[in-house]
$ cat coords04.cif   # mmCIF, C-alpha atoms
data_entry
loop_
_atom_site.group_PDB
_atom_site.id
_atom_site.type_symbol
_atom_site.label_atom_id
_atom_site.label_comp_id
_atom_site.auth_asym_id
_atom_site.auth_seq_id
_atom_site.Cartn_x
_atom_site.Cartn_y
_atom_site.Cartn_z
ATOM 1 C CA MET P 80 175.068 140.939 350.946
ATOM 2 C CA LYS P 81 177.287 142.121 353.759
ATOM 3 C CA ASP P 82 180.245 139.751 354.009
ATOM 4 C CA VAL P 83 182.932 141.313 351.808
ATOM 5 C CA ALA P 84 180.707 143.598 349.764
ATOM 6 C CA ALA P 85 182.853 146.621 350.594
ATOM 7 C CA THR P 86 185.549 145.151 348.344
ATOM 8 C CA GLY P 87 183.109 144.321 345.557
ATOM 9 C CA MET P 88 183.536 140.618 346.254
ATOM 10 C CA PHE P 89 180.893 138.218 347.607
ATOM 11 C CA ASP P 90 180.559 134.912 349.403
ATOM 12 C CA CYS P 91 178.062 132.875 347.363
ATOM 13 C CA ARG P 92 176.865 131.064 350.487
ATOM 14 C CA ASP P 93 175.020 134.275 351.381
ATOM 15 C CA ALA P 94 173.085 134.172 348.116
ATOM 16 C CA TYR P 95 172.371 130.482 348.710
ATOM 17 C CA VAL P 96 170.905 130.841 352.207
ATOM 18 C CA ARG P 97 168.973 134.001 351.366
ATOM 19 C CA THR P 98 167.344 132.290 348.416
ATOM 20 C CA VAL P 99 166.509 129.092 350.284
ATOM 21 C CA GLU P 100 164.931 131.172 353.033
ATOM 22 C CA GLU P 101 162.861 133.121 350.502
ATOM 23 C CA LEU P 102 161.718 129.898 348.865
ATOM 24 C CA ALA P 103 160.819 128.378 352.223
ATOM 25 C CA ALA P 104 158.706 131.401 353.148
ATOM 26 C CA ASN P 105 156.492 130.694 350.141
ATOM 27 C CA ASP P 106 156.609 126.890 350.024
ATOM 28 C CA ASP P 107 156.349 124.764 353.141
ATOM 29 C CA ARG P 108 157.796 121.806 351.249
ATOM 30 C CA ILE P 109 161.252 123.425 351.431
ATOM 31 C CA VAL P 110 163.397 121.932 354.211
ATOM 32 C CA THR P 111 167.120 121.764 354.911
ATOM 33 C CA VAL P 112 169.234 118.849 356.097
ATOM 34 C CA VAL P 113 172.749 119.353 357.470
ATOM 35 C CA ASN P 114 175.633 117.341 358.900
ATOM 36 C CA ASP P 115 176.441 119.491 361.919
ATOM 37 C CA SER P 116 177.141 122.217 359.364
ATOM 38 C CA VAL P 117 174.668 124.962 360.285
ATOM 39 C CA GLY P 118 177.500 127.437 360.744
ATOM 40 C CA SER P 119 179.542 126.623 357.656
ATOM 41 C CA SER P 120 176.346 126.528 355.593
ATOM 42 C CA LYS P 121 175.264 129.859 357.118
ATOM 43 C CA LEU P 122 171.832 128.425 357.907
ATOM 44 C CA GLY P 123 171.558 129.923 361.391
ATOM 45 C CA LYS P 124 168.834 132.406 360.406
ATOM 46 C CA PHE P 125 166.946 129.693 358.548
ATOM 47 C CA ARG P 126 166.953 127.596 361.717
ATOM 48 C CA GLU P 127 165.675 130.538 363.766
ATOM 49 C CA ARG P 128 162.905 131.276 361.304
ATOM 50 C CA PHE P 129 161.940 127.670 360.506
ATOM 51 C CA PRO P 130 163.086 125.591 363.502
ATOM 52 C CA ASP P 131 161.010 122.586 362.481
ATOM 53 C CA ARG P 132 162.352 122.591 358.928
ATOM 54 C CA LEU P 133 166.058 122.150 359.579
ATOM 55 C CA ILE P 134 167.205 118.608 360.344
ATOM 56 C CA ASN P 135 170.703 118.207 361.764
ATOM 57 C CA VAL P 136 171.818 114.573 361.574
ATOM 58 C CA GLY P 137 175.266 115.242 363.016
ATOM 59 C CA ILE P 138 178.524 114.254 361.344
ATOM 60 C CA ALA P 139 176.919 111.471 359.327
ATOM 61 C CA GLU P 140 176.877 112.335 355.646
ATOM 62 C CA GLN P 141 175.459 109.024 354.440
ATOM 63 C CA ASN P 142 172.538 109.426 356.835
ATOM 64 C CA MET P 143 172.147 113.052 355.765
ATOM 65 C CA VAL P 144 171.651 112.146 352.102
ATOM 66 C CA GLY P 145 169.440 109.193 353.019
ATOM 67 C CA VAL P 146 167.256 111.403 355.216
ATOM 68 C CA GLY P 147 167.051 113.922 352.379
ATOM 69 C CA ALA P 148 165.909 111.199 349.992
ATOM 70 C CA GLY P 149 163.303 110.052 352.500
ATOM 71 C CA LEU P 150 161.965 113.565 352.911
ATOM 72 C CA ALA P 151 161.753 113.920 349.125
ATOM 73 C CA ASN P 152 159.888 110.625 348.952
ATOM 74 C CA GLY P 153 157.412 112.136 351.415
ATOM 75 C CA GLY P 154 156.783 115.163 349.212
ATOM 76 C CA LYS P 155 159.290 117.629 350.661
ATOM 77 C CA ILE P 156 161.962 119.521 348.701
ATOM 78 C CA PRO P 157 165.110 119.027 350.794
ATOM 79 C CA PHE P 158 168.242 121.128 350.404
ATOM 80 C CA VAL P 159 170.947 118.836 351.740
ATOM 81 C CA SER P 160 173.808 121.084 352.759
ATOM 82 C CA GLY P 161 177.338 120.175 353.780
ATOM 83 C CA ALA P 162 180.998 120.643 352.915
ATOM 84 C CA GLY P 163 181.429 119.518 349.332
ATOM 85 C CA CYS P 164 184.326 117.193 350.151
ATOM 86 C CA PHE P 165 182.279 115.188 352.674
ATOM 87 C CA LEU P 166 178.892 115.391 350.984
ATOM 88 C CA THR P 167 180.251 113.789 347.827
ATOM 89 C CA ALA P 168 183.060 111.499 348.987
ATOM 90 C CA ARG P 169 181.438 109.987 352.076
ATOM 91 C CA ALA P 170 177.920 109.695 350.691
ATOM 92 C CA MET P 171 178.617 108.738 347.079
ATOM 93 C CA GLU P 172 176.534 105.545 347.236
ATOM 94 C CA GLN P 173 173.578 107.406 348.701
ATOM 95 C CA VAL P 174 173.883 110.142 346.070
ATOM 96 C CA LYS P 175 173.986 107.494 343.343
ATOM 97 C CA VAL P 176 171.313 105.111 344.614
ATOM 98 C CA ASP P 177 169.014 107.054 346.953
ATOM 99 C CA CYS P 178 168.967 110.232 344.846
ATOM 100 C CA ALA P 179 169.884 109.611 341.202
ATOM 101 C CA TYR P 180 168.849 105.996 340.614
ATOM 102 C CA SER P 181 165.675 106.472 342.667
ATOM 103 C CA GLN P 182 165.072 109.885 341.045
ATOM 104 C CA GLN P 183 164.288 111.554 344.335
ATOM 105 C CA ASN P 184 163.784 115.303 344.312
ATOM 106 C CA VAL P 185 166.843 116.103 346.441
ATOM 107 C CA LYS P 186 168.937 119.266 346.107
ATOM 108 C CA LEU P 187 172.531 118.534 347.142
ATOM 109 C CA CYS P 188 174.488 121.668 348.067
ATOM 110 C CA GLY P 189 178.267 121.267 348.268
ATOM 111 C CA ILE P 190 179.347 124.114 350.515
ATOM 112 C CA SER P 191 182.865 125.622 350.703
ATOM 113 C CA SER P 192 183.804 123.579 347.682
ATOM 114 C CA GLY P 193 186.973 123.440 345.618
ATOM 115 C CA VAL P 194 190.056 124.413 347.619
ATOM 116 C CA ALA P 195 188.332 126.806 350.018
ATOM 117 C CA TYR P 196 189.649 124.718 352.940
ATOM 118 C CA GLY P 197 193.144 125.095 351.476
ATOM 119 C CA GLU P 198 195.324 124.742 354.574
ATOM 120 C CA LEU P 199 193.431 121.642 355.740
ATOM 121 C CA GLY P 200 194.839 119.713 352.815
ATOM 122 C CA ALA P 201 193.674 117.127 350.312
ATOM 123 C CA THR P 202 191.161 115.481 352.658
ATOM 124 C CA HIS P 203 189.191 118.730 352.727
ATOM 125 C CA HIS P 204 189.526 119.734 349.072
ATOM 126 C CA SER P 205 186.482 118.939 346.929
ATOM 127 C CA ILE P 206 188.179 119.031 343.545
ATOM 128 C CA GLU P 207 186.940 115.614 342.390
ATOM 129 C CA ASP P 208 183.226 116.258 342.932
ATOM 130 C CA VAL P 209 182.223 117.384 339.437
ATOM 131 C CA ALA P 210 184.196 114.568 337.786
ATOM 132 C CA TRP P 211 182.551 112.017 340.085
ATOM 133 C CA LEU P 212 179.030 113.334 339.906
ATOM 134 C CA ARG P 213 178.734 114.044 336.198
ATOM 135 C CA ALA P 214 179.374 110.320 335.680
ATOM 136 C CA ILE P 215 176.148 109.530 337.558
ATOM 137 C CA ASP P 216 173.126 109.130 335.319
ATOM 138 C CA LYS P 217 170.164 111.490 335.721
ATOM 139 C CA LEU P 218 171.928 113.836 338.158
ATOM 140 C CA THR P 219 172.064 117.524 337.247
ATOM 141 C CA VAL P 220 175.356 119.222 338.161
ATOM 142 C CA ILE P 221 175.609 123.029 338.446
ATOM 143 C CA VAL P 222 178.621 125.225 339.326
ATOM 144 C CA PRO P 223 177.470 128.870 339.715
ATOM 145 C CA ALA P 224 179.910 131.719 339.108
ATOM 146 C CA ASP P 225 178.595 134.597 341.232
ATOM 147 C CA PRO P 226 175.857 135.588 343.711
ATOM 148 C CA TRP P 227 173.215 136.219 341.044
ATOM 149 C CA GLU P 228 173.819 132.886 339.341
ATOM 150 C CA THR P 229 173.903 131.083 342.693
ATOM 151 C CA ALA P 230 170.494 132.480 343.623
ATOM 152 C CA GLU P 231 169.064 131.684 340.205
ATOM 153 C CA ALA P 232 170.496 128.165 340.287
ATOM 154 C CA ILE P 233 168.882 127.541 343.671
ATOM 155 C CA LYS P 234 165.513 128.718 342.330
ATOM 156 C CA ALA P 235 165.898 126.581 339.211
ATOM 157 C CA ALA P 236 166.900 123.563 341.290
ATOM 158 C CA ALA P 237 163.848 123.973 343.519
ATOM 159 C CA ALA P 238 161.592 124.079 340.461
ATOM 160 C CA HIS P 239 163.340 121.155 338.767
ATOM 161 C CA ASP P 240 161.817 117.721 339.363
ATOM 162 C CA GLY P 241 164.796 115.524 340.091
ATOM 163 C CA PRO P 242 168.122 115.399 341.932
ATOM 164 C CA VAL P 243 170.531 118.310 341.542
ATOM 165 C CA TYR P 244 174.060 118.957 342.837
ATOM 166 C CA ILE P 245 175.054 122.616 343.240
ATOM 167 C CA LYS P 246 178.699 123.447 343.953
ATOM 168 C CA ILE P 247 178.740 126.568 346.139
ATOM 169 C CA SER P 248 182.015 128.320 346.868
ATOM 170 C CA ARG P 249 182.854 130.531 349.797
ATOM 171 C CA MET P 250 185.847 132.052 347.978
ATOM 172 C CA PRO P 251 185.027 135.722 347.290
ATOM 173 C CA VAL P 252 183.957 136.452 343.713
ATOM 174 C CA PRO P 253 182.651 139.595 341.999
ATOM 175 C CA GLN P 254 179.153 140.052 340.639
ATOM 176 C CA LEU P 255 179.444 139.577 336.884
ATOM 177 C CA GLU P 256 177.990 142.131 334.496
ATOM 178 C CA ARG P 257 175.052 140.847 332.469
ATOM 179 C CA PRO P 258 172.578 142.480 330.098
ATOM 180 C CA ALA P 259 169.180 143.479 331.425
ATOM 181 C CA GLY P 260 166.777 140.577 331.338
ATOM 182 C CA ALA P 261 169.461 137.911 331.648
ATOM 183 C CA ALA P 262 167.998 134.567 332.697
ATOM 184 C CA PHE P 263 169.436 131.367 334.087
ATOM 185 C CA ALA P 264 168.325 128.003 332.743
ATOM 186 C CA ILE P 265 169.556 124.538 333.639
ATOM 187 C CA GLY P 266 171.540 123.116 330.735
ATOM 188 C CA LYS P 267 172.260 126.479 329.106
ATOM 189 C CA GLY P 268 175.585 128.314 329.025
ATOM 190 C CA GLU P 269 176.102 132.016 328.463
ATOM 191 C CA VAL P 270 178.529 133.964 326.301
ATOM 192 C CA LEU P 271 179.958 136.754 328.449
ATOM 193 C CA ARG P 272 182.342 138.099 325.816
ATOM 194 C CA GLU P 273 182.486 137.617 322.061
ATOM 195 C CA GLY P 274 185.653 136.677 320.198
ATOM 196 C CA GLY P 275 186.668 134.535 317.260
ATOM 197 C CA ASP P 276 190.326 133.663 317.888
ATOM 198 C CA ILE P 277 189.883 131.293 320.814
ATOM 199 C CA ALA P 278 187.202 130.278 323.332
ATOM 200 C CA ILE P 279 187.714 130.240 327.090
ATOM 201 C CA VAL P 280 185.114 128.091 328.858
ATOM 202 C CA SER P 281 184.901 128.144 332.630
ATOM 203 C CA ASN P 282 182.521 128.086 335.581
ATOM 204 C CA GLY P 283 182.439 128.830 339.294
ATOM 205 C CA THR P 284 185.300 130.879 340.716
ATOM 206 C CA LEU P 285 187.211 130.810 337.430
ATOM 207 C CA VAL P 286 184.734 132.834 335.370
ATOM 208 C CA HIS P 287 185.825 136.291 336.508
ATOM 209 C CA ARG P 288 189.431 135.197 336.018
ATOM 210 C CA ALA P 289 188.591 134.077 332.476
ATOM 211 C CA LEU P 290 187.127 137.511 331.746
ATOM 212 C CA ALA P 291 190.261 139.184 333.102
ATOM 213 C CA ALA P 292 192.389 136.904 330.912
ATOM 214 C CA ALA P 293 190.335 137.932 327.880
ATOM 215 C CA GLU P 294 191.012 141.589 328.681
ATOM 216 C CA THR P 295 194.738 140.901 328.751
ATOM 217 C CA LEU P 296 194.586 138.999 325.479
ATOM 218 C CA ALA P 297 192.536 141.754 323.844
ATOM 219 C CA ALA P 298 195.355 144.222 324.557
ATOM 220 C CA GLU P 299 197.582 141.863 322.573
ATOM 221 C CA GLY P 300 195.196 141.703 319.627
ATOM 222 C CA ILE P 301 193.693 138.320 320.531
ATOM 223 C CA ALA P 302 189.884 138.150 320.572
ATOM 224 C CA ALA P 303 188.815 135.554 323.143
ATOM 225 C CA ARG P 304 185.225 134.374 323.478
ATOM 226 C CA VAL P 305 184.391 133.816 327.156
ATOM 227 C CA ILE P 306 181.714 131.266 328.004
ATOM 228 C CA ASN P 307 180.278 130.572 331.439
ATOM 229 C CA LEU P 308 179.115 126.960 331.488
ATOM 230 C CA ALA P 309 177.543 126.621 334.912
ATOM 231 C CA THR P 310 175.650 123.428 334.086
ATOM 232 C CA VAL P 311 178.156 120.630 333.535
ATOM 233 C CA SER P 312 175.462 117.973 333.296
ATOM 234 C CA PRO P 313 173.467 118.194 331.082
ATOM 235 C CA LEU P 314 175.957 119.905 328.781
ATOM 236 C CA ASP P 315 174.969 122.739 326.458
ATOM 237 C CA THR P 316 176.319 121.182 323.266
ATOM 238 C CA ASP P 317 175.141 124.044 321.080
ATOM 239 C CA ILE P 318 177.362 126.560 322.846
ATOM 240 C CA ILE P 319 180.286 124.110 322.833
ATOM 241 C CA ALA P 320 179.879 123.533 319.105
ATOM 242 C CA ALA P 321 180.010 127.289 318.604
ATOM 243 C CA ALA P 322 183.124 127.514 320.779
ATOM 244 C CA ALA P 323 184.807 124.803 318.720
ATOM 245 C CA GLN P 324 184.369 126.950 315.621
ATOM 246 C CA THR P 325 187.125 129.246 316.927
ATOM 247 C CA GLY P 326 189.542 126.333 316.471
ATOM 248 C CA ALA P 327 190.884 126.441 320.028
ATOM 249 C CA ILE P 328 189.345 126.021 323.495
ATOM 250 C CA VAL P 329 190.837 126.609 326.929
ATOM 251 C CA THR P 330 188.828 125.283 329.872
ATOM 252 C CA ALA P 331 189.411 126.464 333.429
ATOM 253 C CA GLU P 332 187.818 125.104 336.599
ATOM 254 C CA GLU P 333 188.397 124.886 340.340
ATOM 255 C CA GLY P 334 188.558 121.127 340.170
ATOM 256 C CA LEU P 335 190.477 118.313 338.540
ATOM 257 C CA ALA P 336 191.979 119.214 335.184
ATOM 258 C CA HIS P 337 190.507 116.008 333.752
ATOM 259 C CA GLY P 338 187.086 114.497 334.224
ATOM 260 C CA GLY P 339 185.121 117.603 335.113
ATOM 261 C CA LEU P 340 184.124 120.531 332.890
ATOM 262 C CA GLY P 341 187.159 120.105 330.651
ATOM 263 C CA GLY P 342 186.566 116.386 330.344
ATOM 264 C CA ALA P 343 182.909 116.882 329.434
ATOM 265 C CA ILE P 344 183.796 119.352 326.685
ATOM 266 C CA ALA P 345 186.651 117.196 325.394
ATOM 267 C CA GLU P 346 184.371 114.160 325.170
ATOM 268 C CA TYR P 347 181.845 116.075 323.112
ATOM 269 C CA CYS P 348 184.395 117.710 320.835
ATOM 270 C CA ALA P 349 186.303 114.475 320.217
ATOM 271 C CA GLN P 350 183.134 112.922 318.815
ATOM 272 C CA HIS P 351 181.519 115.880 317.077
ATOM 273 C CA ASP P 352 183.813 118.912 316.681
ATOM 274 C CA PRO P 353 187.518 117.999 317.014
ATOM 275 C CA VAL P 354 189.417 121.055 318.259
ATOM 276 C CA ARG P 355 192.707 121.807 319.988
ATOM 277 C CA MET P 356 192.256 122.197 323.748
ATOM 278 C CA ARG P 357 194.044 123.022 326.964
ATOM 279 C CA MET P 358 192.332 121.997 330.206
ATOM 280 C CA LEU P 359 193.312 124.007 333.282
ATOM 281 C CA GLY P 360 192.625 122.648 336.737
ATOM 282 C CA PHE P 361 194.329 120.725 339.499
ATOM 283 C CA PRO P 362 196.428 117.612 338.731
ATOM 284 C CA GLY P 363 195.355 115.541 341.743
ATOM 285 C CA PHE P 364 196.071 115.525 345.486
ATOM 286 C CA LEU P 365 197.331 118.982 346.410
ATOM 287 C CA PRO P 366 199.864 120.283 348.912
ATOM 288 C CA THR P 367 198.786 122.199 351.981
ATOM 289 C CA GLY P 368 198.446 125.910 351.378
ATOM 290 C CA SER P 369 195.964 128.738 351.231
ATOM 291 C CA ALA P 370 193.304 128.726 348.545
ATOM 292 C CA SER P 371 194.870 131.750 346.851
ATOM 293 C CA TRP P 372 198.322 130.117 346.871
ATOM 294 C CA LEU P 373 196.951 126.908 345.372
ATOM 295 C CA MET P 374 195.130 128.784 342.620
ATOM 296 C CA GLU P 375 198.319 130.696 341.804
ATOM 297 C CA ARG P 376 200.552 127.639 342.054
ATOM 298 C CA PHE P 377 198.518 125.691 339.508
ATOM 299 C CA GLY P 378 197.861 128.510 337.059
ATOM 300 C CA LEU P 379 194.198 129.090 337.873
ATOM 301 C CA THR P 380 194.538 132.838 337.529
ATOM 302 C CA ALA P 381 193.914 135.389 334.814
ATOM 303 C CA GLY P 382 197.597 135.233 333.947
ATOM 304 C CA GLY P 383 197.593 131.444 333.854
ATOM 305 C CA ILE P 384 194.548 131.330 331.585
ATOM 306 C CA ALA P 385 196.023 133.950 329.234
ATOM 307 C CA ALA P 386 199.304 132.011 329.076
ATOM 308 C CA ALA P 387 197.453 128.801 328.193
ATOM 309 C CA ALA P 388 195.588 130.643 325.444
ATOM 310 C CA ARG P 389 198.809 132.034 323.974
ATOM 311 C CA GLU P 390 200.441 128.599 324.054
ATOM 312 C CA LEU P 391 197.454 126.993 322.397
ATOM 313 C CA LEU P 392 197.248 129.638 319.701
ATOM 314 C CA GLY P 393 200.900 129.026 318.948
ATOM 315 C CA THR P 394 200.077 125.432 318.019
ATOM 316 C CA LYS P 395 196.671 126.119 316.443
ATOM 317 C CA ALA P 396 196.335 124.787 312.934
ATOM 318 C CA ALA P 397 196.078 127.518 310.308
#
$ encode --input "coords04.cif" --output "structure tokens"
Amino acid sequence: MKDVAATGMFDCRDAYVRTVEELAANDDRIVTVVNDSVGSSKLGKFRERFPDRLINVGIAEQNMVGVGAGLANGGKIPFVSGAGCFLTARAMEQVKVDCAYSQQNVKLCGISSGVAYGELGATHHSIEDVAWLRAIDKLTVIVPADPWETAEAIKAAAAHDGPVYIKISRMPVPQLERPAGAAFAIGKGEVLREGGDIAIVSNGTLVHRALAAAETLAAEGIAARVINLATVSPLDTDIIAAAAQTGAIVTAEEGLAHGGLGGAIAEYCAQHDPVRMRMLGFPGFLPTGSASWLMERFGLTAGGIAAAARELLGTKAA
């Protein structure tokens, strides 16, 4: 990838479009549908290579999802690609009815999600999307953390029979270190660092920050288990049960503090493995500011995660 690779950071949209193009070269069922978002989705090369397999409906998100559902009904595998804030908010009924209720094989790709459009304000932030979509029955929701996981999630989504939402950030992230032979599977989390004092569970752009927080805590004698839970729905309850055994869980996500990843884990733990928790995320409508400023302002940094862990450990039952 060439975008910001010189800094060791990557735009996951590059992994997304490269993988969709590779899939399309080997499967003529793969098509893309966009809402005048070829540029922001980085699908220009796909359009050049497969001009008859990119459908641009214009700025009409409800139509975009409906067209995607129709293509799926005709045997295609559509990747419906648009800014996460508009894809989810404007087309919620179509996502619910045309895709999930009708069980159409549509792959919904929320591009430039989270607070990537920081300065454009709350109308352009897609921080509610995971909370909204995980409430919809029979809709898989995935939030990849890095280029490798983005590519693997796209492949898994293409092979999965049913509707999938993939939250794809454009905020630069590093490639995470994984053991040889690592594999991605829908519905399965991964332990990136072992530790028995507390568990930090995150996904998307917060995973590398969670790992950095664990490094800081380790220097203080605190062993933090770091879990990447890319699939929010369905939830990997086995890995959450194991996390609960530490007696304390901090969740961190580039989305609402309640209702998304943290909410999903809290719901499970409240019923099966009660545990003290802190849920880091955004409180609601946000002020105008850069993505980096917003992440700093609301504690979605390595320092913020480490501070939440320390605070939680201070109240953890002996």
$ residues_around --input "coords04.cif" --residues "Arg128 in chain P" --least-positions-apart "6" --cutoff "12 Å" --atoms "all atoms listed in the file" --output "short mmCIF file (atom, residue, chain, number, x, y, z; two decimals) with C-alpha atoms, in the coordinates of the input"
data_model
loop_
_atom_site.label_atom_id
_atom_site.label_comp_id
_atom_site.auth_asym_id
_atom_site.auth_seq_id
_atom_site.Cartn_x
_atom_site.Cartn_y
_atom_site.Cartn_z
CA ARG P 97 168.97 134.00 351.37
CA VAL P 99 166.51 129.09 350.28
CA GLU P 100 164.93 131.17 353.03
CA GLU P 101 162.86 133.12 350.50
CA ALA P 103 160.82 128.38 352.22
CA ALA P 104 158.71 131.40 353.15
CA VAL P 110 163.40 121.93 354.21
CA LEU P 122 171.83 128.43 357.91
#
$ residues_around --input "coords04.cif" --residues "range 317-321 of chain P" --least-positions-apart "2" --cutoff "10 Å" --atoms "all atoms listed in the file" --output "list in words"
Lys267, Gly268, Glu269, Val270, Gly275, Ala278, Val280, Ile306, Asn307, Leu308, Leu314, Asp315, Ala323, Gln324, Thr325, Gly326, Ile328, Ile344, Ala345, Tyr347, Cys348, His351, Asp352, Pro353 and Val354 of chain P
$ resolve_selection --input "coords04.cif" --expression "the PyMOL selection byres ((chain P and resi 273) around 10)" --output "PDB file with C-alpha atoms, in the coordinates of the input"
ATOM      1  CA  VAL P 270     178.529 133.964 326.301  1.00  0.00           C
ATOM      2  CA  LEU P 271     179.958 136.754 328.449  1.00  0.00           C
ATOM      3  CA  ARG P 272     182.342 138.099 325.816  1.00  0.00           C
ATOM      4  CA  GLY P 274     185.653 136.677 320.198  1.00  0.00           C
ATOM      5  CA  GLY P 275     186.668 134.535 317.260  1.00  0.00           C
ATOM      6  CA  ASP P 276     190.326 133.663 317.888  1.00  0.00           C
ATOM      7  CA  ILE P 277     189.883 131.293 320.814  1.00  0.00           C
ATOM      8  CA  ALA P 278     187.202 130.278 323.332  1.00  0.00           C
ATOM      9  CA  ALA P 293     190.335 137.932 327.880  1.00  0.00           C
ATOM     10  CA  ALA P 302     189.884 138.150 320.572  1.00  0.00           C
ATOM     11  CA  ALA P 303     188.815 135.554 323.143  1.00  0.00           C
ATOM     12  CA  ARG P 304     185.225 134.374 323.478  1.00  0.00           C
ATOM     13  CA  VAL P 305     184.391 133.816 327.156  1.00  0.00           C
ATOM     14  CA  ILE P 306     181.714 131.266 328.004  1.00  0.00           C
TER      15      ILE P 306
END
$ resolve_selection --input "coords04.cif" --expression "the PyMOL selection byres ((chain P and resi 283) around 6)" --output "PyMOL selection string"
chain P and resi 222-224+282+284-285
$ closest_residue --input "coords04.cif" --among "P:Met88, P:Glu172, P:Gly118, P:Lys124" --to "Asn142 in chain P" --atoms "all atoms listed in the file"
P:Glu172
$ atom_distance --input "coords04.cif" --atom1 "CA of Gly161 in chain P" --atom2 "CA of Asn114 in chain P"
6.1 Å
$ residues_around --input "coords04.cif" --residues "Cys178 in chain P" --least-positions-apart "2" --cutoff "12 Å" --atoms "all atoms listed in the file" --output "VMD selection string"
chain P and resid 141 143 to 152 157 159 170 to 176 180 to 187 212 215 to 219 240 to 244
$ closest_residue --input "coords04.cif" --among "P:Gly154, P:Gly123, P:Pro313, P:Pro253" --to "Asp90 in chain P" --atoms "only C-alpha atoms"
P:Pro253
$ closest_residue --input "coords04.cif" --among "P:Ile134, P:Asp115, P:Asp208, P:Ser371" --to "Pro251 in chain P" --atoms "only C-alpha atoms"
P:Ser371
$ atom_distance --input "coords04.cif" --atom1 "CA of Leu335 in chain P" --atom2 "CA of Val209 in chain P"
8.4 Å
$ resolve_selection --input "coords04.cif" --expression "the PyMOL selection byres ((chain P and resi 205) around 9)" --output "PDB file with C-alpha atoms, in the coordinates of the input"
ATOM      1  CA  ALA P 162     180.998 120.643 352.915  1.00  0.00           C
ATOM      2  CA  GLY P 163     181.429 119.518 349.332  1.00  0.00           C
ATOM      3  CA  CYS P 164     184.326 117.193 350.151  1.00  0.00           C
ATOM      4  CA  PHE P 165     182.279 115.188 352.674  1.00  0.00           C
ATOM      5  CA  THR P 167     180.251 113.789 347.827  1.00  0.00           C
ATOM      6  CA  ALA P 168     183.060 111.499 348.987  1.00  0.00           C
ATOM      7  CA  GLY P 189     178.267 121.267 348.268  1.00  0.00           C
ATOM      8  CA  SER P 191     182.865 125.622 350.703  1.00  0.00           C
ATOM      9  CA  SER P 192     183.804 123.579 347.682  1.00  0.00           C
ATOM     10  CA  GLY P 193     186.973 123.440 345.618  1.00  0.00           C
ATOM     11  CA  VAL P 194     190.056 124.413 347.619  1.00  0.00           C
ATOM     12  CA  ALA P 195     188.332 126.806 350.018  1.00  0.00           C
ATOM     13  CA  TYR P 196     189.649 124.718 352.940  1.00  0.00           C
ATOM     14  CA  ALA P 201     193.674 117.127 350.312  1.00  0.00           C
ATOM     15  CA  THR P 202     191.161 115.481 352.658  1.00  0.00           C
ATOM     16  CA  HIS P 203     189.191 118.730 352.727  1.00  0.00           C
ATOM     17  CA  HIS P 204     189.526 119.734 349.072  1.00  0.00           C
ATOM     18  CA  ILE P 206     188.179 119.031 343.545  1.00  0.00           C
ATOM     19  CA  GLU P 207     186.940 115.614 342.390  1.00  0.00           C
ATOM     20  CA  ASP P 208     183.226 116.258 342.932  1.00  0.00           C
ATOM     21  CA  VAL P 209     182.223 117.384 339.437  1.00  0.00           C
ATOM     22  CA  GLY P 334     188.558 121.127 340.170  1.00  0.00           C
TER      23      GLY P 334
END
$ closest_residue --input "coords04.cif" --among "P:Leu379, P:Ile245, P:Leu391, P:Cys91" --to "Trp227 in chain P" --atoms "only C-alpha atoms"
P:Cys91
$ closest_residue --input "coords04.cif" --among "P:Leu133, P:Ala94, P:Ala386, P:Ile109" --to "Glu231 in chain P" --atoms "only C-alpha atoms"
P:Ala94
$ closest_residue --input "coords04.cif" --among "P:Gly197, P:Gly338, P:Gly266, P:Gly153" --to "Val311 in chain P" --atoms "only C-alpha atoms"
P:Gly266
$ atom_distance --input "coords04.cif" --atom1 "CA of Leu359 in chain P" --atom2 "CA of Arg249 in chain P"
20.6 Å
$ residues_around --input "coords04.cif" --residues "range 232-234 of chain P" --least-positions-apart "6" --cutoff "8 Å" --atoms "all atoms listed in the file" --output "MDAnalysis selection string"
chainID P and resid 95 98:99 102 221 223 245 263:265
$ write_last_selection --input "coords04.cif" --atoms "C-alpha atoms" --output "JSON list (two decimals), in the coordinates of the input"
[["chain", "number", "residue", "atom", "x", "y", "z"],
["P", 95, "TYR", "CA", 172.37, 130.48, 348.71],
["P", 98, "THR", "CA", 167.34, 132.29, 348.42],
["P", 99, "VAL", "CA", 166.51, 129.09, 350.28],
["P", 102, "LEU", "CA", 161.72, 129.90, 348.86],
["P", 221, "ILE", "CA", 175.61, 123.03, 338.45],
["P", 223, "PRO", "CA", 177.47, 128.87, 339.72],
["P", 245, "ILE", "CA", 175.05, 122.62, 343.24],
["P", 263, "PHE", "CA", 169.44, 131.37, 334.09],
["P", 264, "ALA", "CA", 168.32, 128.00, 332.74],
["P", 265, "ILE", "CA", 169.56, 124.54, 333.64]]
